[in-house]
Structures are given as C-alpha cells and as structure tokens.
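First up is the structure itself, then whatever we jot down about it.
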Amino acid sequence: MSLWGGRFSQPSAAEFKQFNDSLRFDYVLAPFDIQASKAWAGALQTAGLISTEENQQLQQALSALAKAVAAEPELPLQTDAEDIHSWVESQLIASIGTTAKKLHTGRSRNDLVATDLRLFCKQFAEHLIKANLAAIENLLIFAEQHTDAMLPGYTHLQRAQPIVAGHWAMAYVSMLQRDVSRLREAVRRMDVSPLGSGALAGTTAAINRETLAHELGFRYASENSLDGVSDRDFVLDLLNAASTGMIHLSRLAEDVIFYCSGESGCFSMSDRISSGSSLMPQKKNPDLFELLRGKTGRVLGHQHAMQVTLKGLPLAYNKDMQEDKEGLFDALHSYLQCLQMLAFAVPELTVNREHAALQAALGYSNATELADYLVSKGVAFRDAHHMTGTLVVNAQQLGIALEQLTLEQFQQVCPAIDADVYASLDLQYGLNQRQAMGGTAPKAVKVAVKHAQDWLHAAEAASKHVRQARLSDADKICELIAYWADQGENLPRDKADVLQAIQSFAVAEINDEVVGCAALYVYSTGLAEIRSLGLFKNAQGKGLGAELVAFLLWKARELGIARTIVLTRVPEFFGKLNFRITLKEKLPEKVMKDCELCPRKDNCDETALEYLL
C-alpha cells in the first residue's frame, strides 16, 4: 500500500518503483521505526487525538510487530512495500484495521526517518565503542607482556632509535582512546530528537516534543523543524569517526605487515590468522592485516560520498537524502568488523625477542645516546650532533658498530670522551634513560599501561551502567543519600544541594532505573573527593560501586585533577581499586569542610585513602 497514492491516477512504473524504493536497505530501521511509533502513539493520546483504547491497540500491535522483527530481522523484505515506514503501517492496518491509519496523524516520513536513523546511529555507536574497548584491552595485554621486548623504531622507514614493543602497542592504545572519545562526542551531538518536526514546518498536533524526546531516550528535541528533518551532520560525524578509526587500524596493520615481513622478522603471526599461497608453499601471508588496511579506503569513500551528497542540498528534505543510509550502514559494519578482527588478532601476535633486539641494534640506533653523552660532558648539543655524525661515518667506513670504536678513535673526534662512553652506548641503557612520561623506558611503559588500564575500566563502566547525572535524577539521588545517611555511612544532603551540585554526580542504572550514585567534589586546592557513594540493596554485588568509582576517576583525569581521596569504613573495597591508605592529617581541606560537622568527629572510624592520577 502506498502512503501517498491519493494524488495520482496511475500507479508507479515498475522501473521507477525499483529505483525509488528503499526497503531493500532501510528495513534494518524496523526496530527503531516501531520504537518511534510507540512513542508517537502515546503522544497522540496525550494530545487527545486518539483515545486510550486506540493507543492500547496500537501499542499491542506495535509490540507484536517488534517481536516478529526481532525473531526474523528480514521479515520486511518479504513484501513490496516502498520503505520501512510504509511496511510498518501496512502491517498495523492488516493487524488492527482503521485505528492503524490514525498513527501517522501530525507526523511525516521526513521527521520519522530522521528519528529512526538517529536511534540507529546512537545504538551502533555504542557497539563501536565497545569494540574499540575490546581492542584496547588486548593491546594493553600485549603491551604489558612486552614492556621489555626491544624493537627497532623507525622514522622515514629508516632505523632511528630502539623502543620496546609495549611502547609501540601503547601508541595505538592512545589512538583508539581518541576514537572512543570521538564516538562519544558524536553520540552527544546526535542526541536530539527531530520527531514532531513534520515534513518541514512542524506539527499541528499539541505534542510536548521534549517529553517525547525523553521517552525515546534523547536528551533534547530539535529546536528548528527545517533543520530537524534535513540535518545529517550526525551521519557525517559518525562517518568521520569511522574513517579516522579505520585510518588508525590501517596504520597498525601496516606496522604489523612490515614487522612480520622477512625483511624485518620482529613479529610472528600464528597460523590461526595467516593464509598461504596456492603456488608458493613457503608463504605465510598477513591477509587479515592487509584487509584491515584495504577496507579503510572503502570507509573513507563512503564518508566522501555523503559529503558530496549533502553539499548542495536546499532546505528541507530532498530525495537525495535517501543516499544517507547504504554507505553509512556499510561503513559502520565494516568498521565494527575490523575492530572485532583486530581484537581477535592481537593475541595471535608474538615478538621474536632475540631477533628483534638484534634488529634494534642495527643502523647506529644508539647515535642519539652518544650525542646525549657528549652533552653530559659539556659539549653544546649542535656540536655534539656534528661530532656524533662524524663518528658514525668513521664507524661505517670501518664496517663496525659505534660501540666497537676504540677510545682513541673516539677521542680523535672529541677529547672529552672517556671510557664511560661504552656504558652509554649500550641499547638497554639508552632505553632506561627515557623514563619521562610518554617515553619508551620499560618503567615509563609500565606506568602508561597502568594509566590506560584505569582509563579502560572507567570507559567500560561508562559503556555499561554508569552515566553523568541529570536534573531528573535528583529525587533518586536524594533517596539514596538519605538511606545511607540513616545507616550512618553518609552525611545528609538536601535536594537543593544535590540540584546545585548535579554536575558532580554520576548514577548507576539497571534497566533504566537509577540504583546507585556517587559524587566527585573538587576542593579549591584542586584536591578531589569521591563522596555520597551508595547503592540500593538490590543493586549490590554487581560491580556497580566499582564502576561508579572508575567513572569518577576518569572524570577527575579529564578535569586535570592529580589526586583523589575518599574517607570510608570499607577501605578494602577501595584498596581493590588501587587506592592507597593515607593520613587524614594530609587532608586539611576535608577536615575543615566536613569533619568538623560530622557527629563522629571525636571518634572517627573512617580510613583515608588516596588515588594519584
């Protein structure tokens, strides 16, 4: 059944219908179209445009349809409907008759498809975030296992300085962390509901669009109907995040391909992720990583195609915008698959430690250490750089390594060189010297791994059950604080105080119900305290407390806070989260603010712990 046939006296030509219809790819939006329709039906009842009984009919029919689609996702493809919207409506009409024809009152396919696509993108972005976190987790395991495995580092694909394999892996951890941040920013910007914008000019129905938006899980309703139906920035944002993420995967793949090559031989792949040649029996090919590299162009192409599609479109909706889906769906599925394959492949990589260490020693990669040594002897760096270059040339002409030059040969170029130069030229010495934050020294890499593990724990918490608190959470937060204040575990706080400090709170949810909270209080000195931590009884024992703490530590790190404290009667809980016991006397801010107000101040049984970020 066509949703627009009344204006026409002849049916569409088969050729046009095949060209025009979108069901063959937009059928994946069925769950979201049904979700939006359920919310719209409720809004129509509230507006008095349908009766309670009619809304109940629609809700029951839509729920049944949702179950059918969940069981058979390709169910819509068994019909010749124009698009997913007409399929949903035709199924409802077949199920409940005339009542179904009232559902589209006050709305358009323009605002409906924009809503469906945003809901899809929000959900898929969460899948991508989780896949990134899984890849990060395996890269961190690799890094932790190889904090002391030497590897040649390159610039211009020439041997430059030795690094450790863990440091190499941590570079990609940093990239994927940014990808997670980029995806979260994209979700934040797309968290706007266009439903109720109509075709372009808004709806005549008395709909509370903010309430409708919240029911659909959006934070806001769009403020302009023209923009609401025509905005596809969220598609571009997600394609940009996917494209940048794929570039990172491609760079990693290129590194692995090189390190696994016969020319390098520093890495080995297991047979589980390798393929062979139909002609050359000796071959072991890195097909998995070549595909990661190759699929990057595909995703970048979809991003560019979407930009070109949008660049000249007038307001508001145009049929060109039907082209926003196929490329997006393919790009996101390709990116997700590549992330999943990376997470699978990393544990199948090994470092050939002895061979890699020998490779790291080639190419005069300890020349920088020699220059640094000369600087330590009082030579200006620019002069030290020149002298070191001369010594490298001398060693090359003799066909020996720098450390094989005699002391006399060194002193012919620089008399300041002494016998202690040989210790400085040892590769392990040079590695260990690079202990500054971000350096390749094993000690620095271990610190970086620890920080990234903390970040991962917090990011996983934010992806599961924990989020930033909203004003609408205030009553639940007050209920939690009051409960634990009665138990003597928290200081009481009134609702006005909670509302004023809502930005400092995080909440934990189960099935969209707030079951826990905690706050990050920042003192004027820059010290931060985790406080008001509590869960309802039925939510305990599920790891939500640890997730709340992890989330607030991540927030503290984002704010640039160096030290976070807690006063607690359960120090063992925070000890498991890597907090360390400290003295309350070192916390004058806390003592002055709260301890003087506490009824137990003269008989305090709380332990002070700190976490250094």
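Letters A, B, ... mark the chains of the structure tokens in the order given; residue numbers begin at 1 per chain; ligand numbers begin at 1, in order shown.
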
Members of stretch 334-530 of chain A assigned helix (DSSP H, G or I) by DSSP, as a PyMOL selection string: chain A and resi 334-348+353-361+367-376+381-398+402-404+407-413+421-424+427-433+442-464+471-486+495-500+502-504

Nearby residues (only C-alpha atoms) at most 6 Å from stretch 153-167 of chain A, same-chain spacing under 5 positions excluded, as a PyMOL selection string: chain A and resi 143+146-148+360+363+365+440+445

Atomic separation - atom CA of A:Pro347 relative to atom CA of A:Gly575, Å: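 For atom CA of A:Gly575 relative to atom CA of A:Pro347, the distance reads 29.7 Å.
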
Quick one: everything within 12 Å of A:Glu263, counting only C-alpha atoms, minus sequence neighbours fewer than 5 positions away in the same chain. Send it as a PDB file with all heavy atoms, in the first residue's frame.
ATOM      1  N   ILE A 257      52.303  -5.762   9.257  1.00  0.00           N
ATOM      2  CA  ILE A 257      52.722  -6.375   7.995  1.00  0.00           C
ATOM      3  C   ILE A 257      54.238  -6.239   7.820  1.00  0.00           C
ATOM      4  O   ILE A 257      54.932  -7.196   7.442  1.00  0.00           O
ATOM      5  CB  ILE A 257      51.973  -5.738   6.808  1.00  0.00           C
ATOM      6  CG1 ILE A 257      50.492  -6.125   6.848  1.00  0.00           C
ATOM      7  CG2 ILE A 257      52.596  -6.147   5.471  1.00  0.00           C
ATOM      8  CD1 ILE A 257      49.621  -5.288   5.939  1.00  0.00           C
ATOM      9  N   PHE A 258      54.755  -5.053   8.129  1.00  0.00           N
ATOM     10  CA  PHE A 258      56.200  -4.845   7.990  1.00  0.00           C
ATOM     11  C   PHE A 258      56.990  -5.665   9.008  1.00  0.00           C
ATOM     12  O   PHE A 258      57.952  -6.351   8.667  1.00  0.00           O
ATOM     13  CB  PHE A 258      56.541  -3.366   8.144  1.00  0.00           C
ATOM     14  CG  PHE A 258      58.023  -3.106   8.213  1.00  0.00           C
ATOM     15  CD1 PHE A 258      58.811  -3.225   7.076  1.00  0.00           C
ATOM     16  CD2 PHE A 258      58.632  -2.784   9.416  1.00  0.00           C
ATOM     17  CE1 PHE A 258      60.183  -3.011   7.135  1.00  0.00           C
ATOM     18  CE2 PHE A 258      59.996  -2.561   9.483  1.00  0.00           C
ATOM     19  CZ  PHE A 258      60.774  -2.678   8.344  1.00  0.00           C
ATOM     20  N   HIS A 355      65.719 -11.864  17.977  1.00  0.00           N
ATOM     21  CA  HIS A 355      65.916 -11.310  16.640  1.00  0.00           C
ATOM     22  C   HIS A 355      65.593  -9.818  16.623  1.00  0.00           C
ATOM     23  O   HIS A 355      66.332  -9.020  16.022  1.00  0.00           O
ATOM     24  CB  HIS A 355      65.045 -12.052  15.635  1.00  0.00           C
ATOM     25  CG  HIS A 355      65.120 -11.496  14.245  1.00  0.00           C
ATOM     26  ND1 HIS A 355      66.188 -11.720  13.400  1.00  0.00           N
ATOM     27  CD2 HIS A 355      64.260 -10.685  13.553  1.00  0.00           C
ATOM     28  CE1 HIS A 355      65.989 -11.095  12.257  1.00  0.00           C
ATOM     29  NE2 HIS A 355      64.820 -10.465  12.324  1.00  0.00           N
ATOM     30  N   ALA A 356      64.499  -9.432  17.294  1.00  0.00           N
ATOM     31  CA  ALA A 356      64.107  -8.020  17.304  1.00  0.00           C
ATOM     32  C   ALA A 356      65.154  -7.165  18.004  1.00  0.00           C
ATOM     33  O   ALA A 356      65.435  -6.032  17.579  1.00  0.00           O
ATOM     34  CB  ALA A 356      62.745  -7.860  17.984  1.00  0.00           C
ATOM     35  N   GLN A 359      67.889  -6.602  15.597  1.00  0.00           N
ATOM     36  CA  GLN A 359      67.472  -5.614  14.608  1.00  0.00           C
ATOM     37  C   GLN A 359      67.527  -4.198  15.174  1.00  0.00           C
ATOM     38  O   GLN A 359      67.876  -3.247  14.480  1.00  0.00           O
ATOM     39  CB  GLN A 359      66.043  -5.929  14.145  1.00  0.00           C
ATOM     40  CG  GLN A 359      65.908  -7.206  13.329  1.00  0.00           C
ATOM     41  CD  GLN A 359      66.595  -7.096  11.980  1.00  0.00           C
ATOM     42  OE1 GLN A 359      66.321  -6.189  11.202  1.00  0.00           O
ATOM     43  NE2 GLN A 359      67.527  -8.002  11.715  1.00  0.00           N
TER      44      GLN A 359
END

Residue with smallest distance to A:Leu332 - pool A:Ser225, A:Ser532, A:Gln123, A:Ser463, counting only C-alpha atoms: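 Looking only at the distances to A:Leu332, the closest residue turns out to be A:Gln123.
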
9 Å contact set for A:Leu212, only C-alpha atoms, chain neighbours under 3 positions out, as a list in words: Ala39, Trp40, Gly42, Ala43, Ser193, Leu195, Gly196, Ile207, Asn208, Arg209, Glu215, Leu216, Gly217, Phe218 and Ala221 of chain A

Nearest to A:Glu479, chosen from A:Ala64, A:Ala199, A:Leu535, A:Val449, with only C-alpha atoms counted in the distances: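 Using only C-alpha atoms, A:Glu479 sits closest to A:Leu535.
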
Proximity to A:Cys121 - best of A:Asp271, A:Glu72, A:Glu53, A:Asp237, only C-alpha atoms: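 Of the candidates, the smallest distance to A:Cys121 is held by A:Asp237.
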
Nearest to A:Ala448, chosen from A:Leu358, A:Ala436, A:Leu236, A:Ile530, with only C-alpha atoms counted in the distances: A:Ala436

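Interatomic distance, atom CA of A:His127 against atom CA of A:Ala506: 21.9 Å.
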
Exercise: stretch 238-242 of chain A partners within 7 Å, only C-alpha atoms, chain neighbours under 4 positions left out, as an mmCIF file with N, CA, C and O atoms, in the first residue's frame:
data_model
loop_
_atom_site.group_PDB
_atom_site.id
_atom_site.type_symbol
_atom_site.label_atom_id
_atom_site.label_comp_id
_atom_site.auth_asym_id
_atom_site.auth_seq_id
_atom_site.Cartn_x
_atom_site.Cartn_y
_atom_site.Cartn_z
ATOM 1 N N ASP A 179 39.608 7.559 19.511
ATOM 2 C CA ASP A 179 38.460 7.109 18.718
ATOM 3 C C ASP A 179 37.231 6.935 19.595
ATOM 4 O O ASP A 179 36.112 7.276 19.193
ATOM 5 N N ARG A 182 35.974 10.332 20.343
ATOM 6 C CA ARG A 182 35.334 10.909 19.155
ATOM 7 C C ARG A 182 33.926 10.335 18.968
ATOM 8 O O ARG A 182 32.982 11.060 18.651
ATOM 9 N N LEU A 183 33.773 9.056 19.194
ATOM 10 C CA LEU A 183 32.458 8.428 19.080
ATOM 11 C C LEU A 183 31.508 8.959 20.146
ATOM 12 O O LEU A 183 30.328 9.207 19.882
ATOM 13 N N ALA A 186 30.312 12.286 19.155
ATOM 14 C CA ALA A 186 29.309 12.166 18.090
ATOM 15 C C ALA A 186 27.954 11.796 18.671
ATOM 16 O O ALA A 186 26.918 12.345 18.270
ATOM 17 N N PHE A 234 24.908 14.334 11.981
ATOM 18 C CA PHE A 234 25.215 13.180 12.833
ATOM 19 C C PHE A 234 25.723 12.009 12.004
ATOM 20 O O PHE A 234 26.541 11.211 12.471
ATOM 21 N N MET A 246 39.380 3.894 11.191
ATOM 22 C CA MET A 246 39.929 2.970 10.197
ATOM 23 C C MET A 246 41.341 3.360 9.783
ATOM 24 O O MET A 246 42.176 2.488 9.512
ATOM 25 N N GLN A 303 32.430 8.150 3.435
ATOM 26 C CA GLN A 303 32.399 9.471 4.073
ATOM 27 C C GLN A 303 32.390 10.573 3.014
ATOM 28 O O GLN A 303 31.601 11.520 3.083
ATOM 29 N N LEU A 328 26.395 4.570 4.813
ATOM 30 C CA LEU A 328 26.563 4.608 6.273
ATOM 31 C C LEU A 328 26.531 3.199 6.849
ATOM 32 O O LEU A 328 27.417 2.826 7.642
ATOM 33 N N LEU A 332 29.782 1.528 8.724
ATOM 34 C CA LEU A 332 29.759 1.198 10.148
ATOM 35 C C LEU A 332 29.959 -0.295 10.372
ATOM 36 O O LEU A 332 30.688 -0.700 11.293
ATOM 37 N N TYR A 335 33.670 -1.042 9.754
ATOM 38 C CA TYR A 335 34.487 -0.573 10.882
ATOM 39 C C TYR A 335 34.339 -1.513 12.069
ATOM 40 O O TYR A 335 35.337 -1.907 12.704
#

Contacts of A:Tyr259 within 10 Å, only C-alpha atoms, excl. fewer than 2 positions in-chain, as a PyMOL selection string: chain A and resi 151-152+253-257+261-268+351-352+356

Distance in Å - atom CA of A:Ser22 versus atom CA of A:Ala316: 19.4 Å

Residue neighbourhood A:Ser90, 12 Å, only C-alpha atoms, exclusion window fewer than 6 positions, as number ranges by chain: A: 1-3, 61-62, 65, 76, 79-84, 96-101, 103-104

Keeping only all heavy atoms, write those residues as a compact mmCIF listing (two decimals), in the first residue's frame.
# COMPACT_ATOMS: atom_id res chain seq x y z
N MET A 1 0.84 -1.20 0.00
CA MET A 1 0.00 0.00 0.00
C MET A 1 0.87 1.25 0.00
O MET A 1 1.79 1.38 0.80
CB MET A 1 -0.89 0.04 1.25
CG MET A 1 -1.85 1.22 1.28
SD MET A 1 -2.58 1.47 2.93
CE MET A 1 -1.17 2.11 3.84
N SER A 2 0.60 2.18 -0.93
CA SER A 2 1.34 3.45 -0.98
C SER A 2 0.78 4.41 0.06
O SER A 2 -0.43 4.45 0.31
CB SER A 2 1.24 4.05 -2.38
OG SER A 2 1.75 5.36 -2.36
N LEU A 3 1.67 5.20 0.66
CA LEU A 3 1.23 6.20 1.64
C LEU A 3 0.85 7.52 0.98
O LEU A 3 0.44 8.45 1.66
CB LEU A 3 2.36 6.45 2.67
CG LEU A 3 2.83 5.24 3.48
CD1 LEU A 3 3.88 5.66 4.48
CD2 LEU A 3 1.66 4.57 4.17
N ALA A 61 -0.21 -3.89 19.06
CA ALA A 61 0.14 -4.31 17.70
C ALA A 61 1.61 -4.01 17.40
O ALA A 61 2.30 -4.82 16.77
CB ALA A 61 -0.77 -3.62 16.69
N LEU A 62 2.10 -2.86 17.84
CA LEU A 62 3.50 -2.49 17.61
C LEU A 62 4.44 -3.42 18.39
O LEU A 62 5.49 -3.81 17.88
CB LEU A 62 3.74 -1.03 18.00
CG LEU A 62 3.18 0.01 17.02
CD1 LEU A 62 3.09 1.38 17.67
CD2 LEU A 62 4.04 0.07 15.76
N LEU A 65 4.63 -6.62 16.56
CA LEU A 65 5.45 -6.46 15.35
C LEU A 65 6.93 -6.43 15.72
O LEU A 65 7.77 -6.99 15.00
CB LEU A 65 5.03 -5.18 14.62
CG LEU A 65 5.56 -4.99 13.19
CD1 LEU A 65 5.14 -6.16 12.30
CD2 LEU A 65 5.04 -3.67 12.62
N PRO A 76 10.56 -7.73 6.73
CA PRO A 76 10.00 -6.73 5.81
C PRO A 76 10.30 -7.01 4.35
O PRO A 76 9.55 -6.57 3.46
CB PRO A 76 10.66 -5.42 6.28
CG PRO A 76 11.01 -5.65 7.71
CD PRO A 76 11.39 -7.09 7.79
N THR A 79 7.85 -8.41 1.45
CA THR A 79 6.78 -7.61 0.85
C THR A 79 7.37 -6.69 -0.21
O THR A 79 8.60 -6.60 -0.37
CB THR A 79 6.06 -6.76 1.91
OG1 THR A 79 6.94 -5.70 2.34
CG2 THR A 79 5.68 -7.60 3.13
N ASP A 80 6.49 -5.96 -0.92
CA ASP A 80 6.96 -4.99 -1.91
C ASP A 80 6.69 -3.56 -1.43
O ASP A 80 6.49 -2.65 -2.23
CB ASP A 80 6.29 -5.22 -3.26
CG ASP A 80 4.78 -4.99 -3.21
OD1 ASP A 80 4.23 -4.90 -2.09
OD2 ASP A 80 4.16 -4.90 -4.29
N ALA A 81 6.71 -3.36 -0.11
CA ALA A 81 6.50 -2.01 0.44
C ALA A 81 7.58 -1.06 -0.06
O ALA A 81 8.71 -1.47 -0.37
CB ALA A 81 6.50 -2.06 1.96
N GLU A 82 7.24 0.23 -0.11
CA GLU A 82 8.18 1.23 -0.62
C GLU A 82 9.37 1.41 0.33
O GLU A 82 10.52 1.48 -0.10
CB GLU A 82 7.46 2.57 -0.80
CG GLU A 82 8.38 3.70 -1.27
CD GLU A 82 7.66 5.03 -1.35
OE1 GLU A 82 6.41 5.05 -1.29
OE2 GLU A 82 8.34 6.07 -1.48
N ASP A 83 9.06 1.53 1.61
CA ASP A 83 10.11 1.76 2.60
C ASP A 83 9.67 1.16 3.92
O ASP A 83 8.58 0.61 4.04
CB ASP A 83 10.43 3.25 2.74
CG ASP A 83 9.20 4.10 3.03
OD1 ASP A 83 8.26 3.58 3.69
OD2 ASP A 83 9.14 5.25 2.58
N ILE A 84 10.51 1.28 4.93
CA ILE A 84 10.21 0.66 6.21
C ILE A 84 8.99 1.29 6.87
O ILE A 84 8.23 0.61 7.58
CB ILE A 84 11.44 0.71 7.15
CG1 ILE A 84 11.20 -0.21 8.36
CG2 ILE A 84 11.76 2.12 7.58
CD1 ILE A 84 10.91 -1.65 8.01
N ILE A 96 -4.83 -4.37 12.91
CA ILE A 96 -5.89 -3.75 13.73
C ILE A 96 -6.81 -2.84 12.93
O ILE A 96 -7.67 -2.16 13.51
CB ILE A 96 -5.27 -2.97 14.91
CG1 ILE A 96 -4.31 -1.88 14.42
CG2 ILE A 96 -4.56 -3.90 15.87
CD1 ILE A 96 -3.77 -0.99 15.53
N GLY A 97 -6.61 -2.75 11.63
CA GLY A 97 -7.55 -2.02 10.79
C GLY A 97 -7.46 -0.52 10.88
O GLY A 97 -6.36 0.06 10.92
N THR A 98 -8.62 0.15 10.95
CA THR A 98 -8.71 1.60 10.82
C THR A 98 -7.88 2.35 11.85
O THR A 98 -7.32 3.41 11.55
CB THR A 98 -10.19 2.03 10.92
OG1 THR A 98 -10.93 1.35 9.91
CG2 THR A 98 -10.32 3.54 10.73
N THR A 99 -7.80 1.83 13.05
CA THR A 99 -7.03 2.52 14.10
C THR A 99 -5.60 2.79 13.65
O THR A 99 -5.02 3.83 13.95
CB THR A 99 -7.03 1.70 15.40
OG1 THR A 99 -8.36 1.49 15.83
CG2 THR A 99 -6.24 2.40 16.50
N ALA A 100 -5.02 1.85 12.92
CA ALA A 100 -3.64 2.00 12.46
C ALA A 100 -3.48 3.21 11.55
O ALA A 100 -2.40 3.82 11.51
CB ALA A 100 -3.19 0.74 11.75
N LYS A 101 -4.56 3.56 10.84
CA LYS A 101 -4.46 4.69 9.91
C LYS A 101 -4.38 6.03 10.63
O LYS A 101 -4.07 7.05 10.02
CB LYS A 101 -5.67 4.69 8.97
CG LYS A 101 -5.75 3.44 8.08
CD LYS A 101 -6.96 3.47 7.17
CE LYS A 101 -7.04 2.24 6.29
NZ LYS A 101 -8.21 2.25 5.39
N LEU A 103 -2.27 6.55 13.17
CA LEU A 103 -0.95 6.67 13.76
C LEU A 103 -0.12 7.79 13.13
O LEU A 103 0.67 8.45 13.80
CB LEU A 103 -0.18 5.34 13.64
CG LEU A 103 1.26 5.33 14.16
CD1 LEU A 103 1.31 5.67 15.65
CD2 LEU A 103 1.90 3.96 13.91
N HIS A 104 -0.30 8.00 11.83
CA HIS A 104 0.56 8.97 11.12
C HIS A 104 0.06 10.41 11.29
O HIS A 104 0.63 11.34 10.70
CB HIS A 104 0.63 8.60 9.64
CG HIS A 104 1.90 9.05 8.97
ND1 HIS A 104 3.15 8.71 9.42
CD2 HIS A 104 2.11 9.82 7.86
CE1 HIS A 104 4.07 9.24 8.64
NE2 HIS A 104 3.45 9.92 7.68

Proximity to A:Ala508 - best of A:Arg569, A:Arg219, A:Lys495, A:His465, only C-alpha atoms: A:His465
